[in-house]
file query25.cif (mmCIF, C-alpha atoms)
data_structure
loop_
_atom_site.label_atom_id
_atom_site.label_comp_id
_atom_site.auth_asym_id
_atom_site.auth_seq_id
_atom_site.Cartn_x
_atom_site.Cartn_y
_atom_site.Cartn_z
CA MET E 15 120.56 105.60 68.51
CA SER E 16 118.06 103.54 66.52
CA ASN E 17 116.70 103.10 63.04
CA GLN E 18 113.34 102.20 61.64
CA THR E 19 113.90 98.45 61.72
CA ASP E 20 115.54 98.21 65.13
CA THR E 21 113.56 96.62 67.94
CA GLN E 22 116.08 97.72 70.59
CA PRO E 23 118.03 100.99 70.79
CA LEU E 24 121.82 100.89 70.66
CA LEU E 25 124.16 102.90 72.86
CA MET E 26 126.73 105.37 71.58
CA LEU E 27 129.61 105.59 74.07
CA ASP E 28 132.48 108.01 74.58
CA LEU E 29 136.09 107.60 75.73
CA GLU E 30 138.04 109.07 78.62
CA GLY E 31 141.21 110.11 76.81
CA LEU E 32 143.59 109.84 73.89
CA THR E 33 143.66 106.03 73.64
CA VAL E 34 141.18 103.18 74.02
CA THR E 35 141.76 101.48 77.36
CA ALA E 36 141.35 97.74 77.86
CA GLU E 37 138.14 98.37 79.82
CA GLU E 38 136.79 100.57 77.02
CA GLN E 39 137.62 97.90 74.44
CA GLU E 40 135.44 95.45 76.37
CA LEU E 41 132.62 98.00 76.55
CA LEU E 42 132.79 98.65 72.82
CA ARG E 43 132.38 94.92 72.16
CA HIS E 44 129.12 94.77 74.11
CA PRO E 45 126.18 93.88 71.82
CA ALA E 46 124.15 96.81 73.17
CA VAL E 47 126.77 99.25 71.81
CA GLY E 48 126.51 100.52 68.26
CA GLY E 49 128.56 103.69 68.18
CA LEU E 50 131.35 105.84 69.54
CA ILE E 51 131.41 109.63 69.78
CA LEU E 52 134.67 111.53 70.06
CA PHE E 53 135.28 114.84 71.84
CA SER E 54 138.09 117.38 72.09
CA ARG E 55 139.63 115.42 74.97
CA ASN E 56 140.15 112.52 72.54
CA TYR E 57 142.21 114.53 70.06
CA GLN E 58 145.78 115.80 70.31
CA GLU E 59 147.22 115.52 66.80
CA PRO E 60 146.63 113.52 63.59
CA ASP E 61 148.81 110.47 64.27
CA GLN E 62 147.23 110.03 67.68
CA LEU E 63 143.74 110.21 66.13
CA TYR E 64 144.65 107.59 63.51
CA GLU E 65 145.84 105.26 66.28
CA LEU E 66 142.77 105.85 68.44
CA ILE E 67 140.44 105.03 65.53
CA HIS E 68 142.54 101.93 64.76
CA GLN E 69 142.18 100.77 68.38
CA ALA E 70 138.42 101.34 68.32
CA ARG E 71 138.02 99.47 65.01
CA ALA E 72 140.16 96.61 66.29
CA ALA E 73 137.77 96.23 69.22
CA ARG E 74 134.63 96.60 67.11
CA PRO E 75 134.94 96.97 63.31
CA ASP E 76 131.27 97.82 62.74
CA LEU E 77 131.11 100.79 65.14
CA VAL E 78 129.57 104.01 63.87
CA ILE E 79 132.22 106.59 64.86
CA ALA E 80 130.99 110.17 65.19
CA VAL E 81 132.04 113.65 66.26
CA ASP E 82 130.51 117.12 66.47
CA GLN E 83 132.43 119.01 63.80
CA GLU E 84 129.87 121.69 62.96
CA GLY E 85 132.23 124.65 62.73
CA GLY E 86 132.57 127.77 64.85
CA ARG E 87 132.52 127.08 68.59
CA VAL E 88 131.40 123.46 68.10
CA GLN E 89 134.41 121.93 66.36
CA ARG E 90 136.06 119.17 68.38
CA PHE E 91 139.17 118.75 66.20
CA ARG E 92 141.04 121.99 65.53
CA THR E 93 144.83 121.53 65.39
CA GLU E 94 145.79 120.62 61.79
CA PHE E 95 142.12 120.65 60.75
CA THR E 96 140.54 123.48 58.78
CA ARG E 97 138.93 125.99 61.15
CA LEU E 98 135.35 126.11 59.92
CA PRO E 99 133.29 129.28 60.37
CA PRO E 100 130.07 129.33 62.41
CA MET E 101 127.10 128.61 60.17
CA ALA E 102 125.65 132.05 60.96
CA ALA E 103 128.41 133.50 58.76
CA LEU E 104 126.88 131.65 55.82
CA GLY E 105 123.47 132.99 56.82
CA ARG E 106 124.74 136.56 56.70
CA TYR E 107 126.37 135.86 53.34
CA HIS E 108 123.05 134.44 52.10
CA GLY E 109 121.41 137.80 52.83
CA ARG E 110 123.79 139.46 50.37
CA ASP E 111 124.21 136.75 47.73
CA PRO E 112 122.11 133.57 48.17
CA GLU E 113 123.70 131.68 45.27
CA ALA E 114 127.28 132.35 46.40
CA ALA E 115 126.39 131.49 50.00
CA CYS E 116 124.92 128.13 48.98
CA HIS E 117 128.03 127.40 46.91
CA ALA E 118 130.19 128.18 49.96
CA ALA E 119 127.99 125.95 52.17
CA ASP E 120 128.37 123.12 49.67
CA LEU E 121 132.17 123.43 49.66
CA LEU E 122 132.37 123.65 53.46
CA GLY E 123 130.19 120.56 53.87
CA GLU E 124 132.46 118.63 51.53
CA LEU E 125 135.63 119.90 53.22
CA MET E 126 134.42 119.08 56.72
CA ALA E 127 133.30 115.58 55.74
CA ASP E 128 136.36 114.86 53.60
CA GLU E 129 138.75 115.70 56.44
CA LEU E 130 136.91 113.38 58.84
CA ARG E 131 136.50 110.53 56.38
CA ALA E 132 140.29 110.57 55.90
CA TYR E 133 140.50 109.35 59.53
CA ASP E 134 137.76 106.70 59.05
CA ILE E 135 135.22 108.75 61.03
CA ASP E 136 131.74 107.96 59.76
CA ILE E 137 129.68 111.01 60.65
CA SER E 138 129.73 114.52 62.01
CA PHE E 139 126.48 115.46 63.75
CA ALA E 140 125.66 118.25 61.32
CA PRO E 141 124.02 120.38 60.07
CA VAL E 142 122.16 122.33 62.75
CA LEU E 143 118.64 122.98 61.44
CA ASP E 144 117.53 125.10 64.41
CA LEU E 145 116.44 128.68 63.72
CA ASP E 146 118.22 131.55 65.44
CA PHE E 147 115.54 133.78 66.96
CA GLY E 148 118.11 135.53 69.14
CA THR E 149 116.69 133.65 72.14
CA SER E 150 118.97 130.63 72.60
CA SER E 151 122.61 131.29 73.44
CA VAL E 152 123.40 127.56 73.19
CA ILE E 153 122.24 127.63 69.55
CA GLY E 154 123.04 131.21 68.50
CA ASP E 155 125.60 131.31 65.70
CA ARG E 156 125.46 127.54 65.27
CA SER E 157 122.27 128.23 63.31
CA PHE E 158 122.41 129.33 59.69
CA ASN E 159 119.64 131.90 60.04
CA ALA E 160 116.25 132.86 61.52
CA ASP E 161 114.52 132.39 58.15
CA PRO E 162 113.49 128.72 57.73
CA HIS E 163 113.74 128.93 53.96
CA ALA E 164 117.29 130.31 54.10
CA VAL E 165 118.18 127.51 56.54
CA THR E 166 116.68 124.95 54.17
CA GLU E 167 118.71 126.25 51.21
CA LEU E 168 122.00 126.50 53.08
CA ALA E 169 121.59 123.20 54.91
CA GLY E 170 120.65 121.49 51.65
CA ALA E 171 123.84 122.76 50.03
CA PHE E 172 125.91 121.69 53.06
CA ILE E 173 124.33 118.22 52.86
CA ASP E 174 125.18 118.04 49.15
CA GLY E 175 128.83 118.68 49.98
CA MET E 176 128.86 116.10 52.76
CA ALA E 177 127.32 113.53 50.42
CA ARG E 178 130.05 114.04 47.81
CA ALA E 179 132.62 113.21 50.48
CA GLY E 180 130.71 110.03 51.39
CA MET E 181 129.14 111.20 54.66
CA ALA E 182 125.48 111.07 55.68
CA ALA E 183 124.04 114.18 57.34
CA THR E 184 122.32 114.39 60.74
CA GLY E 185 119.86 117.25 61.26
CA LYS E 186 119.51 118.64 64.76
CA HIS E 187 117.79 119.46 67.12
CA PHE E 188 114.27 118.30 66.11
CA PRO E 189 111.72 119.91 66.21
CA GLY E 190 113.81 123.05 66.86
CA HIS E 191 115.84 124.30 69.85
CA GLY E 192 116.00 127.95 68.84
CA GLY E 193 112.90 129.16 70.68
CA VAL E 194 114.05 128.60 74.28
CA ALA E 195 116.59 130.53 76.34
CA ALA E 196 117.44 127.69 78.73
CA ASP E 197 120.47 125.50 77.97
CA SER E 198 119.45 121.83 77.87
CA HIS E 199 122.99 120.92 78.98
CA LEU E 200 122.16 122.53 82.34
CA GLU E 201 118.36 122.36 82.72
CA LEU E 202 115.20 121.14 81.00
CA PRO E 203 113.89 123.89 78.69
CA VAL E 204 110.16 124.27 78.02
CA ASP E 205 108.90 125.74 74.75
CA PRO E 206 105.16 126.60 75.05
CA ARG E 207 104.57 127.49 71.40
CA PRO E 208 101.69 125.70 69.64
CA LEU E 209 102.34 123.09 66.97
CA SER E 210 100.95 125.46 64.33
CA GLU E 211 103.77 127.94 65.04
CA LEU E 212 106.41 125.20 64.98
CA ARG E 213 105.04 123.97 61.66
CA GLU E 214 105.27 127.47 60.19
CA HIS E 215 108.84 128.06 61.32
CA ASP E 216 111.05 125.52 63.14
CA LEU E 217 109.81 122.36 61.44
CA VAL E 218 110.26 123.66 57.89
CA PRO E 219 113.96 122.70 57.45
CA PHE E 220 113.38 119.25 58.96
CA ALA E 221 110.39 118.59 56.71
CA ASP E 222 112.14 119.89 53.60
CA GLN E 223 115.33 117.86 54.19
CA ALA E 224 113.78 114.71 55.72
CA THR E 225 114.38 112.45 52.73
CA ARG E 226 118.01 113.61 52.42
CA LEU E 227 119.04 113.15 56.04
CA GLY E 228 120.67 109.95 57.25
CA GLY E 229 120.04 110.88 60.88
CA VAL E 230 118.01 113.22 63.07
CA MET E 231 118.82 114.26 66.63
CA PRO E 232 115.79 115.36 68.68
CA ALA E 233 116.09 118.04 71.34
CA HIS E 234 116.07 117.68 75.13
CA VAL E 235 113.27 120.26 75.17
CA VAL E 236 109.64 119.95 76.29
CA TYR E 237 107.16 121.40 73.78
CA SER E 238 104.38 121.64 76.33
CA ALA E 239 101.51 122.34 73.92
CA PHE E 240 102.20 119.01 72.20
CA ASP E 241 103.61 116.64 74.86
CA ALA E 242 104.80 116.79 78.46
CA ARG E 243 107.93 114.76 77.72
CA PRO E 244 111.10 116.05 76.04
CA ALA E 245 111.16 115.40 72.29
CA CYS E 246 114.00 112.88 72.67
CA PHE E 247 111.81 110.64 74.86
CA SER E 248 108.39 111.44 73.39
CA ARG E 249 106.60 108.73 71.43
CA SER E 250 104.38 111.51 70.08
CA TRP E 251 107.28 113.55 68.69
CA LEU E 252 109.21 110.55 67.39
CA GLY E 253 106.01 109.26 65.80
CA PHE E 254 105.47 112.70 64.26
CA LEU E 255 109.01 112.59 62.88
CA ARG E 256 108.36 109.21 61.23
CA GLU E 257 104.76 109.62 60.11
CA GLU E 258 104.20 113.34 59.52
CA ILE E 259 107.70 114.36 58.46
CA GLY E 260 108.41 111.07 56.68
CA PHE E 261 111.91 110.57 58.08
CA LYS E 262 113.18 106.99 57.61
CA GLY E 263 116.76 107.15 58.90
CA ALA E 264 118.51 106.78 62.25
CA ILE E 265 117.35 108.71 65.32
CA PHE E 266 120.18 109.75 67.63
CA SER E 267 119.37 110.90 71.15
CA ASP E 268 121.21 114.01 72.24
CA ASP E 269 123.76 113.47 75.04
CA LEU E 270 122.19 111.41 77.86
CA SER E 271 124.44 113.11 80.44
CA MET E 272 122.76 116.47 79.78
CA ALA E 273 120.44 117.83 82.46
CA GLY E 274 117.62 117.92 79.94
CA ALA E 275 117.76 114.11 79.70
CA HIS E 276 117.51 113.40 83.42
CA VAL E 277 113.71 113.47 83.41
CA ALA E 278 113.82 110.10 81.61
CA GLY E 279 115.55 108.44 84.57
CA GLY E 280 118.93 106.78 84.98
CA PRO E 281 121.05 105.12 82.29
CA GLY E 282 119.29 101.77 82.65
#

call {"tool": "encode", "arguments": {"input": "query25.cif", "output": "structure tokens"}}
result
Amino acid sequence: MSNQTDTQPLLMLDLEGLTVTAEEQELLRHPAVGGLILFSRNYQEPDQLYELIHQARAARPDLVIAVDQEGGRVQRFRTEFTRLPPMAALGRYHGRDPEAACHAADLLGELMADELRAYDIDISFAPVLDLDFGTSSVIGDRSFNADPHAVTELAGAFIDGMARAGMAATGKHFPGHGGVAADSHLELPVDPRPLSELREHDLVPFADQATRLGGVMPAHVVYSAFDARPACFSRSWLGFLREEIGFKGAIFSDDLSMAGAHVAGGPG
């Protein structure tokens, strides 16, 4: 991850299990490390999660601690947490009653963030700003809708709720993962659409919410009409995000263990 004033990126690490081992404590203290992301394997029940966070903070008090708690099939903590619906459910609701759907999105954003903040977790990587064209199974019902303006409204309401609970929002996966069928966890997807088409559709939610997002996560996708490198590793796309979109917050790479990241080389 990085922010506008950083000269050197920082690493966000993960953990093997339900506690922080002595070796992991040493890793977390390394000056190149700035964050910790938690997964389902790191959660068993509330008391265990409290203790794990305490161990991580004892090793490094200033860590940014994160999790993917979007709702639906991407919700890492489930037992004794509220089971959040997939965001597509809000999109369908929006088609019937936009005002009520935005109110529901606002409340769900607050609920999700409030539950995590109670455990001293800083951020959930949400909301998903990708559009659901019916093409990408890895995005699918994680997306609010295919209509960029509906996504903007619902995501904006979700961000409002998160903000009330004291959590910054991270929009993903810039500039939009919904137009490719390939799963970037398993391969490197290529989206051949021209920039003009992305501007008209996929980029709309990112541009509309740029000043309200604390973070953005670019996609491990090549947009071949714009750059030969995946967006996560493209100076052109990251420059576009800063200069054209006007985003000033933190940029978080998607998972570096994904197949879509391997084109950039090894961890070093």

call {"tool": "closest_residue", "arguments": {"input": "query25.cif", "among": "E:Thr93, E:Thr33, E:Asn56, E:Ser250", "to": "E:Pro189", "atoms": "all atoms listed in the file"}}
result
E:Ser250

call {"tool": "resolve_selection", "arguments": {"input": "query25.cif", "expression": "the PyMOL selection byres ((chain E and resi 31) around 12)", "output": "ChimeraX atom specification"}}
result
/E:28-30,32-35,38,52-58,62-63,66

call {"tool": "resolve_selection", "arguments": {"input": "query25.cif", "expression": "the PyMOL selection byres ((chain E and resi 182) around 7)", "output": "PDB file with C-alpha atoms, keeping the file's coordinate frame"}}
result
ATOM      1  CA  ILE E 137     129.680 111.010  60.650  1.00  0.00           C
ATOM      2  CA  MET E 176     128.860 116.100  52.760  1.00  0.00           C
ATOM      3  CA  ALA E 177     127.320 113.530  50.420  1.00  0.00           C
ATOM      4  CA  GLY E 180     130.710 110.030  51.390  1.00  0.00           C
ATOM      5  CA  MET E 181     129.140 111.200  54.660  1.00  0.00           C
ATOM      6  CA  ALA E 183     124.040 114.180  57.340  1.00  0.00           C
ATOM      7  CA  THR E 184     122.320 114.390  60.740  1.00  0.00           C
ATOM      8  CA  LEU E 227     119.040 113.150  56.040  1.00  0.00           C
ATOM      9  CA  GLY E 228     120.670 109.950  57.250  1.00  0.00           C
TER      10      GLY E 228
END

call {"tool": "atom_distance", "arguments": {"input": "query25.cif", "atom1": "atom CA of E:Thr166", "atom2": "atom CA of E:Val218"}}
result
7.5 Å

call {"tool": "atom_distance", "arguments": {"input": "query25.cif", "atom1": "atom CA of E:Ala171", "atom2": "atom CA of E:Gly123"}}
result
7.7 Å

call {"tool": "closest_residue", "arguments": {"input": "query25.cif", "among": "E:Ser198, E:Ser267, E:Ser157, E:Gln83", "to": "E:Ala102", "atoms": "all atoms listed in the file"}}
result
E:Ser157

call {"tool": "atom_distance", "arguments": {"input": "query25.cif", "atom1": "atom CA of E:Glu129", "atom2": "atom CA of E:Leu98"}}
result
11.5 Å

call {"tool": "resolve_selection", "arguments": {"input": "query25.cif", "expression": "the PyMOL selection byres ((chain E and resi 266) around 8)", "output": "list in words"}}
result
Met15, Ser16, Gly229, Val230, Met231, Pro232, Ala264, Ile265, Ser267 and Asp268 of chain E

call {"tool": "closest_residue", "arguments": {"input": "query25.cif", "among": "E:Val142, E:Leu25, E:Leu168, E:Ala119", "to": "E:Ile79", "atoms": "only C-alpha atoms"}}
result
E:Leu25
